[in-house]
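Asker: File follows, start18.cif with mmCIF, C-alpha atoms and all ligand atoms:
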data_structure
#
loop_
_atom_site.label_atom_id
_atom_site.label_comp_id
_atom_site.auth_asym_id
_atom_site.auth_seq_id
_atom_site.Cartn_x
_atom_site.Cartn_y
_atom_site.Cartn_z
CA MET O 1 42.79 -69.06 102.54
CA ILE O 2 43.61 -71.73 99.92
CA THR O 3 46.15 -70.62 97.30
CA MET O 4 47.94 -72.46 94.49
CA GLU O 5 50.60 -73.63 96.99
CA ASP O 6 47.93 -75.74 98.67
CA ILE O 7 46.92 -77.48 95.44
CA VAL O 8 48.88 -80.70 94.86
CA ARG O 9 50.08 -81.48 91.32
CA GLU O 10 50.36 -84.57 89.15
CA GLY O 11 52.57 -87.21 90.73
CA HIS O 12 51.30 -86.46 94.24
CA PRO O 13 49.86 -89.73 95.66
CA ALA O 14 46.69 -88.01 96.93
CA LEU O 15 45.54 -87.66 93.29
CA ARG O 16 45.64 -91.39 92.70
CA GLU O 17 44.14 -92.73 95.95
CA PRO O 18 40.42 -93.17 96.64
CA ALA O 19 39.14 -90.65 99.20
CA SER O 20 37.21 -91.68 102.34
CA GLU O 21 33.55 -91.08 103.12
CA VAL O 22 33.01 -88.11 105.44
CA PRO O 23 31.20 -88.97 108.70
CA LEU O 24 27.95 -86.99 109.00
CA PRO O 25 26.98 -84.64 110.54
CA PRO O 26 30.22 -83.02 109.39
CA SER O 27 32.84 -81.94 111.92
CA ALA O 28 33.67 -78.26 112.30
CA GLU O 29 37.04 -79.04 110.67
CA ASP O 30 35.48 -80.68 107.59
CA ASN O 31 32.98 -77.84 107.37
CA ASP O 32 35.76 -75.29 107.42
CA THR O 33 37.72 -77.17 104.76
CA LEU O 34 34.71 -77.37 102.45
CA LYS O 35 33.96 -73.67 102.91
CA GLN O 36 37.61 -72.84 102.11
CA MET O 37 37.38 -74.94 98.92
CA LEU O 38 34.36 -72.95 97.78
CA ASP O 39 36.09 -69.70 98.77
CA TYR O 40 39.02 -70.68 96.53
CA LEU O 41 36.74 -71.01 93.50
CA GLN O 42 34.99 -67.71 94.16
CA ASN O 43 38.31 -65.91 94.80
CA SER O 44 39.84 -67.46 91.68
CA GLN O 45 37.00 -66.07 89.54
CA ASP O 46 37.52 -62.54 90.91
CA PRO O 47 40.12 -60.96 88.55
CA GLU O 48 41.56 -58.71 91.29
CA LEU O 49 41.93 -61.48 93.88
CA ALA O 50 43.16 -63.97 91.25
CA GLU O 51 45.84 -61.49 90.20
CA LYS O 52 46.74 -60.49 93.77
CA TYR O 53 47.16 -64.07 95.03
CA GLY O 54 48.20 -65.77 91.78
CA LEU O 55 45.12 -68.00 91.70
CA ARG O 56 44.35 -70.13 88.61
CA PRO O 57 40.63 -69.75 87.85
CA GLY O 58 38.66 -72.86 88.73
CA ILE O 59 35.03 -73.92 88.47
CA GLY O 60 35.42 -77.04 90.61
CA LEU O 61 37.71 -78.38 93.33
CA ALA O 62 37.92 -81.76 95.08
CA ALA O 63 39.45 -82.26 98.55
CA PRO O 64 42.22 -84.63 97.36
CA GLN O 65 43.56 -81.68 95.33
CA ILE O 66 44.44 -79.98 98.63
CA ASN O 67 45.77 -83.26 100.04
CA VAL O 68 42.62 -83.96 102.07
CA LYS O 69 41.64 -87.55 101.26
CA LYS O 70 37.95 -87.07 101.99
CA ARG O 71 34.91 -87.18 99.69
CA MET O 72 34.21 -83.46 99.50
CA ILE O 73 33.74 -81.29 96.38
CA ALA O 74 33.00 -77.63 95.68
CA ILE O 75 31.59 -76.27 92.42
CA HIS O 76 31.02 -72.64 91.41
CA THR O 77 30.18 -72.07 87.77
CA MET O 78 27.78 -70.49 85.31
CA ASP O 79 25.84 -72.92 83.15
CA GLU O 80 25.26 -72.52 79.41
CA GLN O 81 22.21 -70.35 80.14
CA GLY O 82 24.32 -68.00 82.28
CA LYS O 83 22.78 -69.21 85.55
CA GLN O 84 25.16 -69.30 88.55
CA HIS O 85 25.47 -72.68 90.31
CA THR O 86 27.23 -73.08 93.66
CA TYR O 87 27.64 -76.42 95.45
CA ALA O 88 29.64 -77.55 98.50
CA LEU O 89 28.95 -81.26 98.98
CA TYR O 90 29.96 -84.27 101.07
CA ASN O 91 30.04 -87.86 99.75
CA PRO O 92 28.67 -87.18 96.23
CA LYS O 93 27.62 -90.38 94.44
CA ILE O 94 26.44 -90.83 90.86
CA ILE O 95 23.35 -93.03 91.31
CA SER O 96 22.35 -93.20 87.64
CA HIS O 97 23.43 -91.82 84.28
CA SER O 98 22.35 -91.59 80.66
CA VAL O 99 23.66 -93.92 77.98
CA GLU O 100 24.23 -90.81 75.91
CA LYS O 101 27.67 -89.23 76.31
CA SER O 102 28.86 -85.64 76.13
CA TYR O 103 32.20 -83.86 76.02
CA LEU O 104 33.57 -80.34 76.26
CA THR O 105 34.61 -79.28 72.76
CA SER O 106 37.46 -77.27 74.34
CA GLY O 107 38.75 -80.38 76.13
CA GLU O 108 39.39 -80.24 79.89
CA GLY O 109 42.03 -78.81 82.17
CA CYS O 110 42.81 -79.36 85.84
CA LEU O 111 44.19 -77.19 88.63
CA SER O 112 46.46 -80.12 89.53
CA VAL O 113 47.84 -80.45 85.98
CA ASP O 114 50.35 -77.77 84.94
CA ARG O 115 50.28 -78.70 81.28
CA SER O 116 47.81 -78.83 78.43
CA VAL O 117 46.51 -82.31 77.61
CA PRO O 118 44.59 -82.03 74.32
CA GLY O 119 41.68 -84.30 73.51
CA PHE O 120 37.99 -84.93 74.06
CA VAL O 121 37.01 -86.31 77.47
CA PRO O 122 33.91 -88.54 77.03
CA ARG O 123 31.51 -88.12 79.94
CA ASN O 124 27.93 -89.21 80.70
CA ALA O 125 25.60 -86.56 79.25
CA ARG O 126 23.18 -86.64 82.19
CA ILE O 127 23.72 -87.85 85.77
CA ARG O 128 21.74 -88.16 88.98
CA VAL O 129 23.82 -87.41 92.06
CA LYS O 130 23.06 -88.07 95.74
CA ALA O 131 25.15 -86.16 98.30
CA ALA O 132 24.97 -84.24 101.57
CA ASP O 133 25.05 -80.45 101.62
CA ILE O 134 27.33 -78.31 103.81
CA ASP O 135 25.01 -78.89 106.80
CA GLY O 136 24.94 -82.65 106.22
CA ASN O 137 21.39 -82.71 104.76
CA PRO O 138 20.71 -85.12 101.88
CA VAL O 139 20.44 -83.63 98.38
CA GLU O 140 19.63 -85.25 95.04
CA LEU O 141 20.60 -83.50 91.80
CA ARG O 142 19.80 -84.16 88.15
CA LEU O 143 22.56 -82.62 86.04
CA LYS O 144 23.28 -82.15 82.35
CA GLY O 145 25.60 -80.07 80.14
CA LEU O 146 28.57 -78.29 81.68
CA LEU O 147 27.40 -78.95 85.25
CA SER O 148 27.25 -82.70 84.58
CA ILE O 149 30.80 -82.55 83.18
CA VAL O 150 32.20 -80.58 86.12
CA PHE O 151 30.58 -82.90 88.66
CA GLN O 152 32.05 -85.95 86.90
CA HIS O 153 35.51 -84.31 86.77
CA GLU O 154 35.37 -83.63 90.53
CA ILE O 155 33.89 -87.02 91.52
CA ASP O 156 36.66 -88.63 89.42
CA HIS O 157 39.18 -86.87 91.72
CA LEU O 158 37.58 -88.64 94.73
CA ASN O 159 38.30 -91.96 92.97
CA GLY O 160 41.90 -91.18 91.94
CA VAL O 161 40.92 -90.62 88.28
CA MET O 162 42.38 -87.77 86.18
CA PHE O 163 40.55 -86.28 83.17
CA TYR O 164 43.18 -87.45 80.70
CA ASP O 165 42.59 -91.08 81.76
CA HIS O 166 39.45 -90.85 79.59
CA ILE O 167 41.11 -89.42 76.46
CA ASN O 168 41.46 -91.78 73.47
CA GLU O 169 45.26 -92.18 73.26
CA GLU O 170 45.32 -93.20 69.58
CA GLU O 171 42.89 -90.53 68.46
CA PRO O 172 42.45 -87.84 71.17
CA PHE O 173 39.95 -85.89 69.06
CA ALA O 174 37.93 -88.88 67.86
CA GLN O 175 34.23 -88.06 68.12
CA PRO O 176 33.06 -90.06 71.18
CA GLU O 177 30.23 -92.52 70.31
CA GLN O 178 26.63 -91.29 70.85
CA ALA O 179 27.98 -88.05 72.24
CA THR O 180 26.66 -84.48 72.32
CA PRO O 181 29.30 -81.72 72.24
CA VAL O 182 29.12 -79.10 75.03
CA GLU O 183 30.53 -75.70 74.02
O1 LIG O 201 41.04 -79.21 88.60
C1 LIG O 201 39.84 -79.22 88.85
O2 LIG O 201 39.26 -80.18 89.31
C2 LIG O 201 39.06 -78.01 88.48
C3 LIG O 201 38.89 -77.88 87.01
C4 LIG O 201 37.47 -78.30 86.75
C5 LIG O 201 37.07 -78.64 85.37
C6 LIG O 201 35.86 -79.27 85.20
C7 LIG O 201 35.41 -79.63 83.94
C8 LIG O 201 36.16 -79.35 82.84
C9 LIG O 201 37.38 -78.71 82.98
C10 LIG O 201 37.84 -78.38 84.27
C11 LIG O 201 39.26 -76.41 86.75
O3 LIG O 201 38.14 -75.64 86.84
S1 LIG O 201 40.20 -76.18 85.32
C12 LIG O 201 40.06 -74.55 84.91
C13 LIG O 201 38.78 -74.20 84.19
C14 LIG O 201 38.18 -73.02 84.43
C15 LIG O 201 37.02 -72.67 83.77
C16 LIG O 201 36.44 -73.52 82.84
C17 LIG O 201 37.03 -74.75 82.60
C18 LIG O 201 38.23 -75.08 83.25
NI NI O 202 40.83 -81.48 88.22
#
Mind turning the file's structure into structure tokens?
Ligand SMILES: O=C(O)C[C@@H](Cc1ccccc1)[C@H](O)SCc1ccccc1
Ligand code: NI
Answerer:
Amino acid sequence: MITMEDIVREGHPALREPASEVPLPPSAEDNDTLKQMLDYLQNSQDPELAEKYGLRPGIGLAAPQINVKKRMIAIHTMDEQGKQHTYALYNPKIISHSVEKSYLTSGEGCLSVDRSVPGFVPRNARIRVKAADIDGNPVELRLKGLLSIVFQHEIDHLNGVMFYDHINEEEPFAQPEQATPVE
């Protein structure tokens, strides 16, 4: 079971190195890792389990955050309409995106960052993602809103990018150009 001890924090090299493509079909080991990443998110959103194991709630997790330098992400979140979305993906790739930007009005956090970093994080409002699902089958997703933001946060982790790399240093709360706020 993944707990907070398994999640590496800022300064750990795994967070700043590009992760490697996962050979498909996935090995049993990679499959187990990806399932454990999704389990972490689901456990962390269960108040009893989160309390019992000291888990910080998360809606996304990327393999480099558990010191696995492979292109694997898990996402488990409600969208703005209250619909549950659950993804466990290999080799996600943004194949196109809108010109329009968006940003979370609350700013972003990160399970690998034990401090608050205030500011708007400009993201692409809409993205198309190609990936492989947990069985290694190809999937193509068109994402917007919170889901688009979470996917970009996690795919950034596969490229050694942290959310605060996008924050305007001079004016952290400057309204990003052509951007739609996401509550
Ligand atoms: O550290 C991570 O990668 C997981 C982040 C994902 C995230 C995505 C988009 C915007 C903010 C964070 C964690 O989920 S941070 C905790 C959290 C929980 C619920 C809602 C937002 C953030
Ligand atoms: Ni993060």
Asker: Quick one: distance from atom CA of O:Glu170 to atom CA of O:Val8 in Å, one decimal?
Answerer: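 Computing the Euclidean distance for atom CA of O:Glu170 and atom CA of O:Val8 yields 28.4 Å.
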Asker: Which residues form the shell of 10 Å around ligand LIG 201 (chain O) when you count all atoms listed in the file, given as an mmCIF file with C-alpha atoms, keeping the file's coordinate frame?
Answerer:
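Contents of pocket.cif, as written:
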data_model
loop_
_atom_site.group_PDB
_atom_site.id
_atom_site.type_symbol
_atom_site.label_atom_id
_atom_site.label_comp_id
_atom_site.auth_asym_id
_atom_site.auth_seq_id
_atom_site.Cartn_x
_atom_site.Cartn_y
_atom_site.Cartn_z
ATOM 1 C CA ILE O 7 46.920 -77.480 95.440
ATOM 2 C CA ARG O 9 50.080 -81.480 91.320
ATOM 3 C CA LEU O 41 36.740 -71.010 93.500
ATOM 4 C CA SER O 44 39.840 -67.460 91.680
ATOM 5 C CA GLN O 45 37.000 -66.070 89.540
ATOM 6 C CA ARG O 56 44.350 -70.130 88.610
ATOM 7 C CA PRO O 57 40.630 -69.750 87.850
ATOM 8 C CA GLY O 58 38.660 -72.860 88.730
ATOM 9 C CA ILE O 59 35.030 -73.920 88.470
ATOM 10 C CA GLY O 60 35.420 -77.040 90.610
ATOM 11 C CA LEU O 61 37.710 -78.380 93.330
ATOM 12 C CA ALA O 62 37.920 -81.760 95.080
ATOM 13 C CA ALA O 63 39.450 -82.260 98.550
ATOM 14 C CA PRO O 64 42.220 -84.630 97.360
ATOM 15 C CA GLN O 65 43.560 -81.680 95.330
ATOM 16 C CA ILE O 73 33.740 -81.290 96.380
ATOM 17 C CA ALA O 74 33.000 -77.630 95.680
ATOM 18 C CA ILE O 75 31.590 -76.270 92.420
ATOM 19 C CA HIS O 76 31.020 -72.640 91.410
ATOM 20 C CA THR O 77 30.180 -72.070 87.770
ATOM 21 C CA MET O 78 27.780 -70.490 85.310
ATOM 22 C CA TYR O 103 32.200 -83.860 76.020
ATOM 23 C CA LEU O 104 33.570 -80.340 76.260
ATOM 24 C CA SER O 106 37.460 -77.270 74.340
ATOM 25 C CA GLY O 107 38.750 -80.380 76.130
ATOM 26 C CA GLU O 108 39.390 -80.240 79.890
ATOM 27 C CA GLY O 109 42.030 -78.810 82.170
ATOM 28 C CA CYS O 110 42.810 -79.360 85.840
ATOM 29 C CA LEU O 111 44.190 -77.190 88.630
ATOM 30 C CA SER O 112 46.460 -80.120 89.530
ATOM 31 C CA VAL O 113 47.840 -80.450 85.980
ATOM 32 C CA VAL O 121 37.010 -86.310 77.470
ATOM 33 C CA LEU O 146 28.570 -78.290 81.680
ATOM 34 C CA LEU O 147 27.400 -78.950 85.250
ATOM 35 C CA SER O 148 27.250 -82.700 84.580
ATOM 36 C CA ILE O 149 30.800 -82.550 83.180
ATOM 37 C CA VAL O 150 32.200 -80.580 86.120
ATOM 38 C CA PHE O 151 30.580 -82.900 88.660
ATOM 39 C CA GLN O 152 32.050 -85.950 86.900
ATOM 40 C CA HIS O 153 35.510 -84.310 86.770
ATOM 41 C CA GLU O 154 35.370 -83.630 90.530
ATOM 42 C CA ILE O 155 33.890 -87.020 91.520
ATOM 43 C CA ASP O 156 36.660 -88.630 89.420
ATOM 44 C CA HIS O 157 39.180 -86.870 91.720
ATOM 45 C CA MET O 162 42.380 -87.770 86.180
ATOM 46 C CA PHE O 163 40.550 -86.280 83.170
#
Asker: From the set O:Asn124, O:Asn137, O:Asn43, O:Gln36, which residue has the shortest atom-to-atom contact distance to O:Leu24, counting only C-alpha atoms?
Answerer: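 Of the candidates, the smallest distance to O:Leu24 is held by O:Asn137.
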Asker: May I have the protein, DNA and RNA residues with an atom at most 8 Å from (29.4, -86.2, 97.0), counting only C-alpha atoms in the file's coordinates, returned as a list in words?
Answerer: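 Applying the cut-off with only C-alpha atoms, one gets Arg71, Met72, Ile73, Leu89, Tyr90, Asn91, Pro92, Lys93, Val129, Lys130, Ala131, Ala132 and Ile155 of chain O.
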Asker: Those residues with C-alpha atoms, as a short mmCIF file (atom, residue, chain, number, x, y, z; two decimals), in the frame of the given file please?
Answerer:
data_model
loop_
_atom_site.label_atom_id
_atom_site.label_comp_id
_atom_site.auth_asym_id
_atom_site.auth_seq_id
_atom_site.Cartn_x
_atom_site.Cartn_y
_atom_site.Cartn_z
CA ARG O 71 34.91 -87.18 99.69
CA MET O 72 34.21 -83.46 99.50
CA ILE O 73 33.74 -81.29 96.38
CA LEU O 89 28.95 -81.26 98.98
CA TYR O 90 29.96 -84.27 101.07
CA ASN O 91 30.04 -87.86 99.75
CA PRO O 92 28.67 -87.18 96.23
CA LYS O 93 27.62 -90.38 94.44
CA VAL O 129 23.82 -87.41 92.06
CA LYS O 130 23.06 -88.07 95.74
CA ALA O 131 25.15 -86.16 98.30
CA ALA O 132 24.97 -84.24 101.57
CA ILE O 155 33.89 -87.02 91.52
#
Asker: Between O:Pro25, O:Gly160, O:Gly82, O:Pro181, single out the one closest to ligand NI 202 (chain O), counting all atoms listed in the file.
Answerer: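 Of O:Pro25, O:Gly160, O:Gly82, O:Pro181, the one nearest ligand NI 202 (chain O) is O:Gly160, counting all atoms listed in the file.
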Asker: Restricting the calculation to only C-alpha atoms: of O:Ala174, O:Ala14, O:Met4, O:Leu141, which residue gets closest to O:His85?
Answerer: O:Leu141
Asker: Tell me which of O:Ala88, O:Leu34, O:Leu15, O:Ile134 sits closest to ligand NI 202 (chain O), counting only C-alpha atoms and all ligand atoms.
Answerer: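 Selected residue with least distance to ligand NI 202 (chain O): O:Leu15.
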Asker: Quote the spacing between atom CA of O:Lys144 and atom CA of O:Ser96 in Å to one decimal place.
Answerer: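 Distance between the two atoms: 12.3 Å.
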Asker: Quick one: residues within 8 Å of (23.7, -90.5, 85.6) (file frame), counting only C-alpha atoms, please, as an MDAnalysis selection string.
Answerer: chainID O and resid 94:98 124:129 142:143
Asker: Between atom CA of O:Asp6 and atom CA of O:Ile167, what is the spacing in Å?
Answerer: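 Atom-to-atom, atom CA of O:Ile167 and atom CA of O:Asp6 are spaced 27.0 Å apart.
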Asker: Near O:Asn159, counting only C-alpha atoms, which residues have an atom at most 8 Å away, once you skip same-chain residues fewer than 4 positions from it, shown as a ChimeraX atom specification?
Answerer: /O:16-19,155
Asker: Taking C-alpha atoms for each residue, export the selection above as a PDB file, keeping the file's coordinate frame.
Answerer:
ATOM      1  CA  ARG O  16      45.640 -91.390  92.700  1.00  0.00           C
ATOM      2  CA  GLU O  17      44.140 -92.730  95.950  1.00  0.00           C
ATOM      3  CA  PRO O  18      40.420 -93.170  96.640  1.00  0.00           C
ATOM      4  CA  ALA O  19      39.140 -90.650  99.200  1.00  0.00           C
ATOM      5  CA  ILE O 155      33.890 -87.020  91.520  1.00  0.00           C
TER       6      ILE O 155
END
Asker: My list of candidates is O:Leu158, O:Val68, O:Val182, O:Val139. Which is closest to O:Asp30 when distances are computed with all atoms listed in the file?
Answerer: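 Looking only at the distances to O:Asp30, the closest residue turns out to be O:Val68.
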Asker: So, counting all atoms listed in the file, which residue among O:Ala28, O:Asn168, O:Ile66, O:Glu5 is closest to ligand NI 202 (chain O)?
Answerer: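 Closest residue, counting all atoms listed in the file: O:Ile66.
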